Amino acid sequence: MARWLRPLVGTLLLLEGAAALSFLHHRYEEMVQALFRVQSQCPYVTRIYSIGRSVEGRHLYVLEFSDYPGIHEHLEPEFKYVGNMHGNEVLGRELLLQLSEFLCEEYRRGNERITRLIHDTRIHIMPSMNPDGYEVAAKQGPDSNGYLTGRNNANGVDLNRNFPDLNTFMYYSGEISGPNHHIPLPDNWKSQVEPETLAVIQWISSYNFVLSANLHGGAVVANYPYDKSQDQRFRSHRRTVNTPTPDDKLFQKLAKTYSYAHGWMHRGWNCGDYFADGITNGASWYSLSKGMQDFNYLYTNCFEITLELSCNKFPPEEDLERQWMANREALVAFIEEVHQGIKGMVSDENNNGIAGAVISVQGISHDITSGDMGDYFRLLLPGTYTVTASAEGYQPQTVTTTVGPAAPSLVHFQLKQDVVKKAPERKASGTRTNNKALQKKVVPRATRRGTQR
């Protein structure tokens, strides 16, 4: 779709539905009520579940949209939105509540686009990852809220600096031709993270997420990996060091999809900053260690970007409707981006799905793996690719396929059992030992002023 058409589509995407929404700030109890109200209005396509509790015992609720809630369907991708990671950055929380109500209402109205999206995608929406921090910020209110008031969780920890530092291990292993995907966690990782972080890590380990966005505030830009620069010598001077992933062009396309569908993000000038096309590489902006965005890419199959959505971290209620109208089309369009590239089944000669099969794309040094059922999803830009599926105990299979600009191409693999090679025994420590030792080399990130993701 032409970029100039995005705002028009956003305006035409059911204007009459906007009046039914309530544009208010929701405290924890009100947020929970709003989620359960949506679930009661659309009981056949929604499910509410909790991935755990915050430090102060509040549930980390997720609202799921699917034509078969609670069930992963073959070849149906998993998508997630996460909001309010920083407790005082509240617009994402309210936008995700609005999006939840919008999806439900449009589905009930028979909106073909939304119906197709819910039938073809399993959508997970977490309005608040940091409900404790939000309550601290909400007590101050939008008029007197400090820049850092409520940012951290109840233990005073910044959750976007709390994930295991897999970047350092990746940069180190890169020097010895090591992997930059599915990097194992250090042995003591659970003792190093907060309850909210632990819950999210276990969540993304349980679902084969394909695409994700993390909603923040304090700037207006779509930010993509890597967040952490390999060269850490200049961290205290905010020196920009562009640090692309092997999927850099794809990440730029994903970020631009949101930026150009947004009301004004794509213009570049926002909040006193300029970002061409309204997007930025994270480390090119400033280096961030132990962030959730990079962790998704290095530990799971999920491609995540970070959306900075407002100059004001706690906008007044009278601004919420304008912000919703600016973000509505972008939120929907970004979910649709999960349907691109290739997908298929990896099975054995008896048509049994093979879990954990490795999908490698020639020329892109970042692999993904098949899920528990043997299905896989590999986001790719349009083009022709040579793709290989491999699994322990099986002969690898390689195919060449062409990806178009619309729906993903179906590419199935049927692997023959390898009767010649004997699978080597796995060592008990190996990579884990190297990773654990490497954690001792991590240098604490210098404190920064101003906007922090």
# chains A, B, ... in the order shown; residues from 1 in each chain; ligands from 1
>>> select_by_dssp(residues="range 11-252 of chain A", states="strand (DSSP E or B)", output="PDB file with C-alpha atoms, in the first residue's frame")
ATOM      1  CA  THR A  46     -10.824 -13.956  23.258  1.00  0.00           C
ATOM      2  CA  ARG A  47      -9.135 -15.400  26.316  1.00  0.00           C
ATOM      3  CA  ILE A  48      -7.560 -13.751  29.362  1.00  0.00           C
ATOM      4  CA  TYR A  49      -4.607 -15.344  31.093  1.00  0.00           C
ATOM      5  CA  SER A  50      -1.911 -14.243  33.527  1.00  0.00           C
ATOM      6  CA  ILE A  51       1.780 -14.907  32.918  1.00  0.00           C
ATOM      7  CA  GLY A  52       2.696 -14.213  36.559  1.00  0.00           C
ATOM      8  CA  ARG A  53       2.628 -11.500  39.198  1.00  0.00           C
ATOM      9  CA  HIS A  59      -1.340 -10.097  37.825  1.00  0.00           C
ATOM     10  CA  LEU A  60       0.416  -9.551  34.507  1.00  0.00           C
ATOM     11  CA  TYR A  61      -2.652 -10.106  32.361  1.00  0.00           C
ATOM     12  CA  VAL A  62      -2.695 -10.896  28.654  1.00  0.00           C
ATOM     13  CA  LEU A  63      -5.744 -10.690  26.395  1.00  0.00           C
ATOM     14  CA  GLU A  64      -5.628 -13.128  23.493  1.00  0.00           C
ATOM     15  CA  PHE A  65      -7.546 -12.798  20.213  1.00  0.00           C
ATOM     16  CA  GLU A  78       1.781 -15.799  17.166  1.00  0.00           C
ATOM     17  CA  PHE A  79       1.990 -12.014  17.668  1.00  0.00           C
ATOM     18  CA  LYS A  80       2.351  -9.913  20.833  1.00  0.00           C
ATOM     19  CA  TYR A  81       2.106  -6.322  22.015  1.00  0.00           C
ATOM     20  CA  VAL A  82       3.615  -5.318  25.387  1.00  0.00           C
ATOM     21  CA  GLY A  83       2.873  -1.957  27.003  1.00  0.00           C
ATOM     22  CA  ARG A 122      -3.071 -15.457  17.329  1.00  0.00           C
ATOM     23  CA  ILE A 123      -2.752 -12.001  18.920  1.00  0.00           C
ATOM     24  CA  HIS A 124      -1.543 -11.536  22.512  1.00  0.00           C
ATOM     25  CA  ILE A 125      -1.962  -8.105  24.142  1.00  0.00           C
ATOM     26  CA  MET A 126      -0.338  -7.231  27.493  1.00  0.00           C
ATOM     27  CA  PHE A 209       6.155 -15.674  18.872  1.00  0.00           C
ATOM     28  CA  VAL A 210       7.037 -14.403  15.416  1.00  0.00           C
ATOM     29  CA  LEU A 211       6.630 -10.628  15.679  1.00  0.00           C
ATOM     30  CA  SER A 212       6.274  -8.190  18.574  1.00  0.00           C
ATOM     31  CA  ALA A 213       6.325  -4.543  19.582  1.00  0.00           C
ATOM     32  CA  ASN A 214       7.102  -2.977  22.935  1.00  0.00           C
ATOM     33  CA  LEU A 215       5.294   0.341  23.543  1.00  0.00           C
ATOM     34  CA  HIS A 216       7.146   3.171  25.302  1.00  0.00           C
ATOM     35  CA  ALA A 219       9.960  10.259  22.093  1.00  0.00           C
ATOM     36  CA  VAL A 220       8.194   9.529  18.811  1.00  0.00           C
ATOM     37  CA  VAL A 221      10.143   6.980  16.770  1.00  0.00           C
ATOM     38  CA  ALA A 222      10.127   3.293  15.795  1.00  0.00           C
ATOM     39  CA  ASN A 223      13.319   1.745  17.141  1.00  0.00           C
ATOM     40  CA  TYR A 224      14.782  -1.573  15.958  1.00  0.00           C
TER      41      TYR A 224
END
>>> residues_around(residues="range 286-293 of chain A", least_positions_apart="3", cutoff="8 Å", atoms="only C-alpha atoms", output="ChimeraX atom specification")
/A:159-167,214,224-229,232,235,238-241,282-283,296-297,304-306,445,453
>>> atom_distance(atom1="CA of Asp319 in chain A", atom2="CA of Gly133 in chain A")
21.7 Å
>>> residues_around(residues="Pro43 in chain A", least_positions_apart="6", cutoff="12 Å", atoms="only C-alpha atoms", output="PyMOL selection string")
chain A and resi 35-37+63-69+104+107-108
>>> residues_around(residues="Asn351 in chain A", least_positions_apart="4", cutoff="10 Å", atoms="only C-alpha atoms", output="compact mmCIF listing (two decimals) with all heavy atoms, in the first residue's frame")
# COMPACT_ATOMS: atom_id res chain seq x y z
N MET A 345 5.75 -26.56 7.33
CA MET A 345 5.92 -27.65 8.28
C MET A 345 7.25 -28.34 8.04
O MET A 345 7.67 -28.52 6.89
CB MET A 345 4.79 -28.67 8.13
CG MET A 345 3.41 -28.15 8.46
SD MET A 345 3.21 -27.73 10.21
CE MET A 345 3.59 -29.32 10.97
N VAL A 346 7.89 -28.75 9.13
CA VAL A 346 9.06 -29.62 9.06
C VAL A 346 8.64 -30.95 9.67
O VAL A 346 8.29 -31.02 10.85
CB VAL A 346 10.27 -29.04 9.82
CG1 VAL A 346 11.47 -29.96 9.67
CG2 VAL A 346 10.60 -27.64 9.33
N SER A 347 8.63 -31.99 8.87
CA SER A 347 8.13 -33.29 9.33
C SER A 347 9.09 -34.40 8.92
O SER A 347 9.98 -34.21 8.10
CB SER A 347 6.74 -33.57 8.75
OG SER A 347 6.78 -33.55 7.33
N GLY A 374 6.08 -28.56 14.84
CA GLY A 374 6.87 -28.70 13.63
C GLY A 374 6.67 -27.59 12.63
O GLY A 374 7.32 -27.57 11.59
N PHE A 413 9.07 -28.94 4.52
CA PHE A 413 10.24 -29.81 4.49
C PHE A 413 9.87 -31.17 5.06
O PHE A 413 9.17 -31.26 6.08
CB PHE A 413 11.38 -29.22 5.34
CG PHE A 413 11.94 -27.92 4.81
CD1 PHE A 413 11.42 -26.70 5.25
CD2 PHE A 413 12.97 -27.92 3.89
CE1 PHE A 413 11.93 -25.51 4.79
CE2 PHE A 413 13.49 -26.72 3.41
CZ PHE A 413 12.97 -25.51 3.85
N GLN A 414 10.32 -32.21 4.40
CA GLN A 414 10.16 -33.58 4.92
C GLN A 414 11.55 -34.19 4.99
O GLN A 414 12.17 -34.49 3.96
CB GLN A 414 9.24 -34.41 4.04
CG GLN A 414 8.87 -35.75 4.66
CD GLN A 414 7.76 -36.45 3.88
OE1 GLN A 414 7.81 -36.55 2.66
NE2 GLN A 414 6.76 -36.94 4.60
N LEU A 415 12.05 -34.36 6.19
CA LEU A 415 13.42 -34.79 6.40
C LEU A 415 13.52 -36.30 6.55
O LEU A 415 12.71 -36.93 7.24
CB LEU A 415 14.00 -34.12 7.65
CG LEU A 415 13.93 -32.59 7.70
CD1 LEU A 415 14.67 -32.08 8.94
CD2 LEU A 415 14.51 -31.97 6.44
